[in-house]
$ cat my_file_3.txt   # compact mmCIF, N, CA and C atoms
# COMPACT_ATOMS: atom_id res chain seq x y z
N VAL A 1 -239.70 33.24 -104.68
CA VAL A 1 -239.53 34.59 -105.17
C VAL A 1 -240.90 35.24 -105.29
N PHE A 2 -240.97 36.47 -104.81
CA PHE A 2 -242.21 37.22 -104.86
C PHE A 2 -241.92 38.60 -105.42
N GLY A 3 -242.75 39.08 -106.30
CA GLY A 3 -242.60 40.42 -106.84
C GLY A 3 -243.96 41.00 -107.14
N THR A 4 -244.10 42.29 -107.01
CA THR A 4 -245.36 42.94 -107.32
C THR A 4 -245.11 44.39 -107.71
N LEU A 5 -245.98 44.91 -108.54
CA LEU A 5 -245.92 46.31 -108.93
C LEU A 5 -246.92 47.08 -108.10
N ILE A 6 -246.48 48.15 -107.48
CA ILE A 6 -247.35 48.99 -106.67
C ILE A 6 -247.24 50.41 -107.19
N GLU A 7 -248.34 50.95 -107.66
CA GLU A 7 -248.34 52.30 -108.20
C GLU A 7 -248.59 53.30 -107.07
N VAL A 8 -247.67 54.24 -106.94
CA VAL A 8 -247.79 55.29 -105.92
C VAL A 8 -247.78 56.62 -106.66
N LEU A 9 -248.84 57.37 -106.49
CA LEU A 9 -248.97 58.65 -107.18
C LEU A 9 -247.98 59.66 -106.60
N PRO A 10 -247.55 60.63 -107.41
CA PRO A 10 -246.63 61.66 -106.91
C PRO A 10 -247.20 62.36 -105.68
N GLN A 11 -246.33 62.67 -104.73
CA GLN A 11 -246.68 63.37 -103.50
C GLN A 11 -247.64 62.58 -102.61
N SER A 12 -247.64 61.25 -102.74
CA SER A 12 -248.48 60.42 -101.88
C SER A 12 -247.66 59.26 -101.33
N THR A 13 -248.23 58.53 -100.39
CA THR A 13 -247.53 57.40 -99.78
C THR A 13 -248.43 56.17 -99.83
N THR A 14 -247.83 55.01 -99.73
CA THR A 14 -248.56 53.75 -99.70
C THR A 14 -247.87 52.81 -98.72
N LYS A 15 -248.64 52.14 -97.89
CA LYS A 15 -248.10 51.15 -96.96
C LYS A 15 -248.32 49.76 -97.55
N VAL A 16 -247.26 48.95 -97.57
CA VAL A 16 -247.34 47.60 -98.10
C VAL A 16 -246.96 46.62 -96.99
N VAL A 17 -247.80 45.65 -96.75
CA VAL A 17 -247.53 44.61 -95.76
C VAL A 17 -247.56 43.27 -96.48
N ILE A 18 -246.48 42.51 -96.36
CA ILE A 18 -246.40 41.18 -96.96
C ILE A 18 -246.27 40.18 -95.81
N GLU A 19 -247.22 39.26 -95.72
CA GLU A 19 -247.14 38.22 -94.70
C GLU A 19 -246.84 36.89 -95.39
N TYR A 20 -245.88 36.16 -94.84
CA TYR A 20 -245.46 34.90 -95.43
C TYR A 20 -245.29 33.88 -94.32
N GLU A 21 -245.93 32.74 -94.49
CA GLU A 21 -245.78 31.66 -93.52
C GLU A 21 -245.40 30.40 -94.26
N GLU A 22 -244.60 29.56 -93.60
CA GLU A 22 -244.22 28.30 -94.20
C GLU A 22 -244.16 27.23 -93.12
N ALA A 23 -243.84 26.03 -93.52
CA ALA A 23 -243.69 24.93 -92.57
C ALA A 23 -242.64 25.31 -91.53
N PRO A 24 -242.61 24.62 -90.40
CA PRO A 24 -241.59 24.94 -89.38
C PRO A 24 -240.19 25.01 -89.98
N LEU A 25 -239.39 25.93 -89.46
CA LEU A 25 -238.03 26.11 -89.95
C LEU A 25 -237.21 24.85 -89.78
N GLN A 26 -236.37 24.58 -90.73
CA GLN A 26 -235.42 23.49 -90.63
C GLN A 26 -234.14 24.07 -90.04
N SER A 27 -233.26 23.20 -89.57
CA SER A 27 -231.99 23.70 -89.05
C SER A 27 -231.25 24.44 -90.16
N LYS A 28 -230.56 25.47 -89.78
CA LYS A 28 -229.79 26.29 -90.71
C LYS A 28 -230.65 26.98 -91.76
N SER A 29 -231.87 27.35 -91.41
CA SER A 29 -232.73 28.09 -92.33
C SER A 29 -232.26 29.53 -92.43
N SER A 30 -232.43 30.12 -93.60
CA SER A 30 -232.09 31.53 -93.76
C SER A 30 -233.13 32.20 -94.65
N PHE A 31 -233.30 33.49 -94.43
CA PHE A 31 -234.27 34.28 -95.18
C PHE A 31 -233.62 35.59 -95.59
N VAL A 32 -233.89 36.02 -96.80
CA VAL A 32 -233.37 37.29 -97.28
C VAL A 32 -234.50 38.09 -97.92
N PHE A 33 -234.34 39.40 -97.93
CA PHE A 33 -235.32 40.30 -98.52
C PHE A 33 -234.57 41.40 -99.25
N PHE A 34 -234.96 41.64 -100.52
CA PHE A 34 -234.34 42.70 -101.31
C PHE A 34 -235.42 43.71 -101.67
N ASP A 35 -235.23 44.94 -101.28
CA ASP A 35 -236.15 46.04 -101.57
C ASP A 35 -235.53 46.89 -102.66
N GLN A 36 -236.06 46.78 -103.87
CA GLN A 36 -235.51 47.52 -105.01
C GLN A 36 -236.29 48.82 -105.17
N LYS A 37 -235.61 49.94 -104.97
CA LYS A 37 -236.25 51.26 -105.04
C LYS A 37 -236.39 51.75 -106.47
N GLN A 38 -237.45 52.47 -106.70
CA GLN A 38 -237.67 53.10 -107.99
C GLN A 38 -236.86 54.38 -108.07
N PRO A 39 -236.24 54.66 -109.21
CA PRO A 39 -235.49 55.91 -109.34
C PRO A 39 -236.40 57.11 -109.05
N GLY A 40 -235.85 58.08 -108.36
CA GLY A 40 -236.59 59.31 -108.07
C GLY A 40 -237.31 59.30 -106.74
N THR A 41 -237.37 58.15 -106.07
CA THR A 41 -237.99 58.15 -104.74
C THR A 41 -236.99 58.73 -103.75
N MET A 42 -237.48 59.52 -102.84
CA MET A 42 -236.59 60.21 -101.90
C MET A 42 -236.96 59.86 -100.47
N ASN A 43 -235.95 59.54 -99.66
CA ASN A 43 -236.11 59.34 -98.22
C ASN A 43 -237.32 58.49 -97.84
N THR A 44 -237.44 57.36 -98.48
CA THR A 44 -238.56 56.45 -98.22
C THR A 44 -238.32 55.68 -96.93
N PRO A 45 -239.23 55.78 -95.93
CA PRO A 45 -239.06 54.98 -94.72
C PRO A 45 -239.45 53.53 -95.02
N THR A 46 -238.60 52.59 -94.59
CA THR A 46 -238.84 51.17 -94.84
C THR A 46 -238.59 50.39 -93.56
N ASN A 47 -239.54 49.53 -93.21
CA ASN A 47 -239.40 48.65 -92.05
C ASN A 47 -239.57 47.22 -92.54
N ILE A 48 -238.62 46.35 -92.22
CA ILE A 48 -238.67 44.94 -92.58
C ILE A 48 -238.55 44.15 -91.29
N THR A 49 -239.52 43.28 -91.01
CA THR A 49 -239.54 42.54 -89.75
C THR A 49 -239.66 41.05 -90.02
N PHE A 50 -238.79 40.25 -89.39
CA PHE A 50 -238.86 38.80 -89.42
C PHE A 50 -239.31 38.34 -88.03
N PHE A 51 -240.40 37.57 -87.95
CA PHE A 51 -240.87 37.00 -86.69
C PHE A 51 -240.44 35.54 -86.63
N TYR A 52 -240.10 35.05 -85.42
CA TYR A 52 -239.68 33.66 -85.27
C TYR A 52 -240.04 33.16 -83.87
N GLY A 53 -240.10 31.84 -83.71
CA GLY A 53 -240.46 31.23 -82.44
C GLY A 53 -239.27 31.10 -81.51
N PRO A 54 -239.55 30.82 -80.22
CA PRO A 54 -238.48 30.73 -79.21
C PRO A 54 -237.54 29.54 -79.42
N GLU A 55 -237.94 28.58 -80.23
CA GLU A 55 -237.09 27.41 -80.45
C GLU A 55 -235.98 27.66 -81.47
N TYR A 56 -235.95 28.84 -82.08
CA TYR A 56 -234.94 29.16 -83.08
C TYR A 56 -233.90 30.13 -82.53
N VAL A 57 -232.66 29.92 -82.91
CA VAL A 57 -231.55 30.74 -82.44
C VAL A 57 -230.97 31.50 -83.63
N LEU A 58 -230.93 32.82 -83.54
CA LEU A 58 -230.34 33.64 -84.60
C LEU A 58 -228.82 33.45 -84.62
N THR A 59 -228.26 33.25 -85.81
CA THR A 59 -226.81 33.13 -85.91
C THR A 59 -226.21 34.24 -86.77
N VAL A 60 -226.99 34.77 -87.72
CA VAL A 60 -226.51 35.84 -88.59
C VAL A 60 -227.62 36.85 -88.80
N ILE A 61 -227.28 38.13 -88.69
CA ILE A 61 -228.20 39.23 -88.99
C ILE A 61 -227.42 40.25 -89.80
N ALA A 62 -227.92 40.58 -90.98
CA ALA A 62 -227.20 41.55 -91.80
C ALA A 62 -228.18 42.46 -92.52
N PRO A 63 -228.00 43.76 -92.47
CA PRO A 63 -227.07 44.50 -91.62
C PRO A 63 -227.58 44.50 -90.18
N ASP A 64 -226.98 45.33 -89.32
CA ASP A 64 -227.42 45.40 -87.93
C ASP A 64 -228.91 45.70 -87.85
N ALA A 65 -229.56 45.14 -86.82
CA ALA A 65 -231.00 45.33 -86.66
C ALA A 65 -231.35 45.31 -85.18
N LYS A 66 -232.58 45.70 -84.88
CA LYS A 66 -233.11 45.62 -83.52
C LYS A 66 -233.64 44.20 -83.32
N VAL A 67 -233.13 43.52 -82.28
CA VAL A 67 -233.52 42.13 -82.03
C VAL A 67 -234.25 42.05 -80.70
N SER A 68 -235.40 41.36 -80.70
CA SER A 68 -236.12 41.09 -79.46
C SER A 68 -236.34 39.58 -79.37
N ASP A 69 -237.15 39.13 -78.41
CA ASP A 69 -237.33 37.70 -78.18
C ASP A 69 -237.94 36.96 -79.37
N ASP A 70 -238.76 37.62 -80.18
CA ASP A 70 -239.45 36.90 -81.25
C ASP A 70 -239.38 37.58 -82.62
N LYS A 71 -238.55 38.61 -82.76
CA LYS A 71 -238.49 39.27 -84.06
C LYS A 71 -237.17 40.01 -84.26
N VAL A 72 -236.88 40.24 -85.53
CA VAL A 72 -235.73 41.05 -85.95
C VAL A 72 -236.31 42.17 -86.80
N GLU A 73 -235.99 43.43 -86.46
CA GLU A 73 -236.54 44.58 -87.17
C GLU A 73 -235.43 45.41 -87.83
N PHE A 74 -235.57 45.60 -89.13
CA PHE A 74 -234.67 46.45 -89.89
C PHE A 74 -235.44 47.73 -90.23
N THR A 75 -234.84 48.89 -89.98
CA THR A 75 -235.48 50.17 -90.28
C THR A 75 -234.52 51.04 -91.07
N PHE A 76 -235.01 51.56 -92.19
CA PHE A 76 -234.19 52.39 -93.07
C PHE A 76 -234.97 53.62 -93.51
N VAL A 77 -234.27 54.67 -93.84
CA VAL A 77 -234.85 55.83 -94.52
C VAL A 77 -233.85 56.22 -95.60
N GLY A 78 -234.34 56.32 -96.84
CA GLY A 78 -233.43 56.70 -97.91
C GLY A 78 -233.96 56.29 -99.27
N ASP A 79 -233.12 56.46 -100.28
CA ASP A 79 -233.53 56.18 -101.65
C ASP A 79 -232.68 55.08 -102.29
N GLN A 80 -231.99 54.27 -101.47
CA GLN A 80 -231.14 53.21 -102.00
C GLN A 80 -231.81 51.85 -101.87
N HIS A 81 -231.40 50.90 -102.74
CA HIS A 81 -231.86 49.53 -102.62
C HIS A 81 -231.40 48.98 -101.27
N ARG A 82 -232.16 48.03 -100.71
CA ARG A 82 -231.81 47.43 -99.42
C ARG A 82 -231.86 45.91 -99.53
N PHE A 83 -230.89 45.27 -98.90
CA PHE A 83 -230.83 43.82 -98.84
C PHE A 83 -230.64 43.45 -97.37
N VAL A 84 -231.54 42.63 -96.82
CA VAL A 84 -231.41 42.20 -95.43
C VAL A 84 -231.50 40.69 -95.37
N GLY A 85 -230.92 40.11 -94.33
CA GLY A 85 -230.99 38.67 -94.18
C GLY A 85 -230.85 38.23 -92.74
N VAL A 86 -231.45 37.06 -92.44
CA VAL A 86 -231.30 36.43 -91.13
C VAL A 86 -231.06 34.95 -91.35
N LYS A 87 -230.31 34.35 -90.42
CA LYS A 87 -230.05 32.92 -90.48
C LYS A 87 -230.24 32.33 -89.09
N PHE A 88 -230.85 31.16 -89.04
CA PHE A 88 -231.12 30.48 -87.77
C PHE A 88 -230.37 29.16 -87.72
N LYS A 89 -230.07 28.72 -86.47
CA LYS A 89 -229.51 27.37 -86.33
C LYS A 89 -230.47 26.52 -85.54
$ encode --input "my_file_3.txt" --output "structure tokens"
Amino acid sequence: VFGTLIEVLPQSTTKVVIEYEEAPLQSKSSFVFFDQKQPGTMNTPTNITFFYGPEYVLTVIAPDAKVSDDKVEFTFVGDQHRFVGVKFK
């Protein structure tokens, strides 16, 4: 579990990049990400990307996302909380 407070001044924007690496994936590995929005934020663009190697096969992607050979990209604009997940076999 990872959490952090990021202060964004009114009428300004901030880009946040979180990089996470771990040991090679085990069979049936899954990853989820929850983006909890602060009340009052409007139409916030959010991009969440999972990178993976060619030896892994995607079995579940939620919600729909753009999939390429080595990554899954979720793109949202709005003021609602977001929950995304991927599962590999």
$ atom_distance --input "my_file_3.txt" --atom1 "atom N of Pro54 of chain A" --atom2 "atom C of Lys71 of chain A"
10.3 Å
$ atom_distance --input "my_file_3.txt" --atom1 "atom CA of Asp79 of chain A" --atom2 "atom N of Glu21 of chain A"
27.5 Å
$ atom_distance --input "my_file_3.txt" --atom1 "atom N of Thr44 of chain A" --atom2 "atom CA of Ala65 of chain A"
18.1 Å
$ closest_residue --input "my_file_3.txt" --among "A:Ile6, A:Lys89, A:Ser12, A:Glu19" --to "Tyr56 of chain A" --atoms "all atoms listed in the file"
A:Lys89
$ closest_residue --input "my_file_3.txt" --among "A:Val32, A:Ile48, A:Val17, A:Val8" --to "Val77 of chain A" --atoms "only C-alpha atoms"
A:Ile48
$ closest_residue --input "my_file_3.txt" --among "A:Lys15, A:Pro10, A:Phe34, A:Val72" --to "Phe51 of chain A" --atoms "all atoms listed in the file"
A:Val72
$ residues_around --input "my_file_3.txt" --residues "His81 of chain A" --least-positions-apart "5" --cutoff "7 Å" --atoms "all atoms listed in the file" --output "ChimeraX atom specification"
/A:34-37
$ residues_around --input "my_file_3.txt" --residues "Lys87 of chain A" --least-positions-apart "6" --cutoff "5 Å" --atoms "all atoms listed in the file" --output "PyMOL selection string"
chain A and resi 29-30+58-60
$ closest_residue --input "my_file_3.txt" --among "A:Phe83, A:Phe88, A:Gly78, A:Thr14" --to "Pro39 of chain A" --atoms "only C-alpha atoms"
A:Gly78
$ closest_residue --input "my_file_3.txt" --among "A:Asp70, A:Thr4, A:Tyr20, A:Pro63" --to "Gly85 of chain A" --atoms "only N, CA and C atoms"
A:Pro63
$ closest_residue --input "my_file_3.txt" --among "A:Glu7, A:Phe33, A:Thr46, A:Tyr52" --to "Thr75 of chain A" --atoms "only C-alpha atoms"
A:Thr46
$ select_by_dssp --input "my_file_3.txt" --residues "segment 1-46 of chain A" --states "strand (DSSP E)" --output "PDB file with N, CA and C atoms, in the coordinates of the input"
ATOM      1  N   SER A  30    -232.430  30.120 -93.600  1.00  0.00           N
ATOM      2  CA  SER A  30    -232.090  31.530 -93.760  1.00  0.00           C
ATOM      3  C   SER A  30    -233.130  32.200 -94.650  1.00  0.00           C
ATOM      4  N   PHE A  31    -233.300  33.490 -94.430  1.00  0.00           N
ATOM      5  CA  PHE A  31    -234.270  34.280 -95.180  1.00  0.00           C
ATOM      6  C   PHE A  31    -233.620  35.590 -95.590  1.00  0.00           C
ATOM      7  N   VAL A  32    -233.890  36.020 -96.800  1.00  0.00           N
ATOM      8  CA  VAL A  32    -233.370  37.290 -97.280  1.00  0.00           C
ATOM      9  C   VAL A  32    -234.500  38.090 -97.920  1.00  0.00           C
ATOM     10  N   PHE A  33    -234.340  39.400 -97.930  1.00  0.00           N
ATOM     11  CA  PHE A  33    -235.320  40.300 -98.520  1.00  0.00           C
ATOM     12  C   PHE A  33    -234.570  41.400 -99.250  1.00  0.00           C
ATOM     13  N   PHE A  34    -234.960  41.640-100.520  1.00  0.00           N
ATOM     14  CA  PHE A  34    -234.340  42.700-101.310  1.00  0.00           C
ATOM     15  C   PHE A  34    -235.420  43.710-101.670  1.00  0.00           C
ATOM     16  N   ASP A  35    -235.230  44.940-101.280  1.00  0.00           N
ATOM     17  CA  ASP A  35    -236.150  46.040-101.570  1.00  0.00           C
ATOM     18  C   ASP A  35    -235.530  46.890-102.660  1.00  0.00           C
ATOM     19  N   THR A  44    -237.440  57.360 -98.480  1.00  0.00           N
ATOM     20  CA  THR A  44    -238.560  56.450 -98.220  1.00  0.00           C
ATOM     21  C   THR A  44    -238.320  55.680 -96.930  1.00  0.00           C
ATOM     22  N   PRO A  45    -239.230  55.780 -95.930  1.00  0.00           N
ATOM     23  CA  PRO A  45    -239.060  54.980 -94.720  1.00  0.00           C
ATOM     24  C   PRO A  45    -239.450  53.530 -95.020  1.00  0.00           C
ATOM     25  N   THR A  46    -238.600  52.590 -94.590  1.00  0.00           N
ATOM     26  CA  THR A  46    -238.840  51.170 -94.840  1.00  0.00           C
ATOM     27  C   THR A  46    -238.590  50.390 -93.560  1.00  0.00           C
TER      28      THR A  46
END
$ build_atoms --input "my_file_3.txt" --residues "segment 58-73 of chain A" --atoms "N, CA, C and O atoms" --output "PDB file, in the frame of the given file"
ATOM      1  N   LEU A  58    -230.930  32.820 -83.540  1.00  0.00           N
ATOM      2  CA  LEU A  58    -230.340  33.640 -84.600  1.00  0.00           C
ATOM      3  C   LEU A  58    -228.820  33.450 -84.620  1.00  0.00           C
ATOM      4  O   LEU A  58    -228.175  33.482 -83.574  1.00  0.00           O
ATOM      5  N   THR A  59    -228.260  33.250 -85.810  1.00  0.00           N
ATOM      6  CA  THR A  59    -226.810  33.130 -85.910  1.00  0.00           C
ATOM      7  C   THR A  59    -226.210  34.240 -86.770  1.00  0.00           C
ATOM      8  O   THR A  59    -225.061  34.603 -86.585  1.00  0.00           O
ATOM      9  N   VAL A  60    -226.990  34.770 -87.720  1.00  0.00           N
ATOM     10  CA  VAL A  60    -226.510  35.840 -88.590  1.00  0.00           C
ATOM     11  C   VAL A  60    -227.620  36.850 -88.800  1.00  0.00           C
ATOM     12  O   VAL A  60    -228.764  36.474 -89.041  1.00  0.00           O
ATOM     13  N   ILE A  61    -227.280  38.130 -88.690  1.00  0.00           N
ATOM     14  CA  ILE A  61    -228.200  39.230 -88.990  1.00  0.00           C
ATOM     15  C   ILE A  61    -227.420  40.250 -89.800  1.00  0.00           C
ATOM     16  O   ILE A  61    -226.365  40.702 -89.364  1.00  0.00           O
ATOM     17  N   ALA A  62    -227.920  40.580 -90.980  1.00  0.00           N
ATOM     18  CA  ALA A  62    -227.200  41.550 -91.800  1.00  0.00           C
ATOM     19  C   ALA A  62    -228.180  42.460 -92.520  1.00  0.00           C
ATOM     20  O   ALA A  62    -229.137  41.973 -93.122  1.00  0.00           O
ATOM     21  N   PRO A  63    -228.000  43.760 -92.470  1.00  0.00           N
ATOM     22  CA  PRO A  63    -227.070  44.500 -91.620  1.00  0.00           C
ATOM     23  C   PRO A  63    -227.580  44.500 -90.180  1.00  0.00           C
ATOM     24  O   PRO A  63    -228.518  43.780 -89.858  1.00  0.00           O
ATOM     25  N   ASP A  64    -226.980  45.330 -89.320  1.00  0.00           N
ATOM     26  CA  ASP A  64    -227.420  45.400 -87.930  1.00  0.00           C
ATOM     27  C   ASP A  64    -228.910  45.700 -87.850  1.00  0.00           C
ATOM     28  O   ASP A  64    -229.451  46.433 -88.687  1.00  0.00           O
ATOM     29  N   ALA A  65    -229.560  45.140 -86.820  1.00  0.00           N
ATOM     30  CA  ALA A  65    -231.000  45.330 -86.660  1.00  0.00           C
ATOM     31  C   ALA A  65    -231.350  45.310 -85.180  1.00  0.00           C
ATOM     32  O   ALA A  65    -230.538  44.929 -84.335  1.00  0.00           O
ATOM     33  N   LYS A  66    -232.580  45.700 -84.880  1.00  0.00           N
ATOM     34  CA  LYS A  66    -233.110  45.620 -83.520  1.00  0.00           C
ATOM     35  C   LYS A  66    -233.640  44.200 -83.320  1.00  0.00           C
ATOM     36  O   LYS A  66    -234.483  43.728 -84.083  1.00  0.00           O
ATOM     37  N   VAL A  67    -233.130  43.520 -82.280  1.00  0.00           N
ATOM     38  CA  VAL A  67    -233.520  42.130 -82.030  1.00  0.00           C
ATOM     39  C   VAL A  67    -234.250  42.050 -80.700  1.00  0.00           C
ATOM     40  O   VAL A  67    -233.798  42.597 -79.695  1.00  0.00           O
ATOM     41  N   SER A  68    -235.400  41.360 -80.700  1.00  0.00           N
ATOM     42  CA  SER A  68    -236.120  41.090 -79.460  1.00  0.00           C
ATOM     43  C   SER A  68    -236.340  39.580 -79.370  1.00  0.00           C
ATOM     44  O   SER A  68    -235.802  38.821 -80.177  1.00  0.00           O
ATOM     45  N   ASP A  69    -237.150  39.130 -78.410  1.00  0.00           N
ATOM     46  CA  ASP A  69    -237.330  37.700 -78.180  1.00  0.00           C
ATOM     47  C   ASP A  69    -237.940  36.960 -79.370  1.00  0.00           C
ATOM     48  O   ASP A  69    -237.692  35.767 -79.533  1.00  0.00           O
ATOM     49  N   ASP A  70    -238.760  37.620 -80.180  1.00  0.00           N
ATOM     50  CA  ASP A  70    -239.450  36.900 -81.250  1.00  0.00           C
ATOM     51  C   ASP A  70    -239.380  37.580 -82.620  1.00  0.00           C
ATOM     52  O   ASP A  70    -240.062  37.157 -83.548  1.00  0.00           O
ATOM     53  N   LYS A  71    -238.550  38.610 -82.760  1.00  0.00           N
ATOM     54  CA  LYS A  71    -238.490  39.270 -84.060  1.00  0.00           C
ATOM     55  C   LYS A  71    -237.170  40.010 -84.260  1.00  0.00           C
ATOM     56  O   LYS A  71    -236.465  40.351 -83.316  1.00  0.00           O
ATOM     57  N   VAL A  72    -236.880  40.240 -85.530  1.00  0.00           N
ATOM     58  CA  VAL A  72    -235.730  41.050 -85.950  1.00  0.00           C
ATOM     59  C   VAL A  72    -236.310  42.170 -86.800  1.00  0.00           C
ATOM     60  O   VAL A  72    -237.048  41.916 -87.752  1.00  0.00           O
ATOM     61  N   GLU A  73    -235.990  43.430 -86.460  1.00  0.00           N
ATOM     62  CA  GLU A  73    -236.540  44.580 -87.170  1.00  0.00           C
ATOM     63  C   GLU A  73    -235.430  45.410 -87.830  1.00  0.00           C
ATOM     64  O   GLU A  73    -234.513  45.856 -87.156  1.00  0.00           O
TER      65      GLU A  73
END
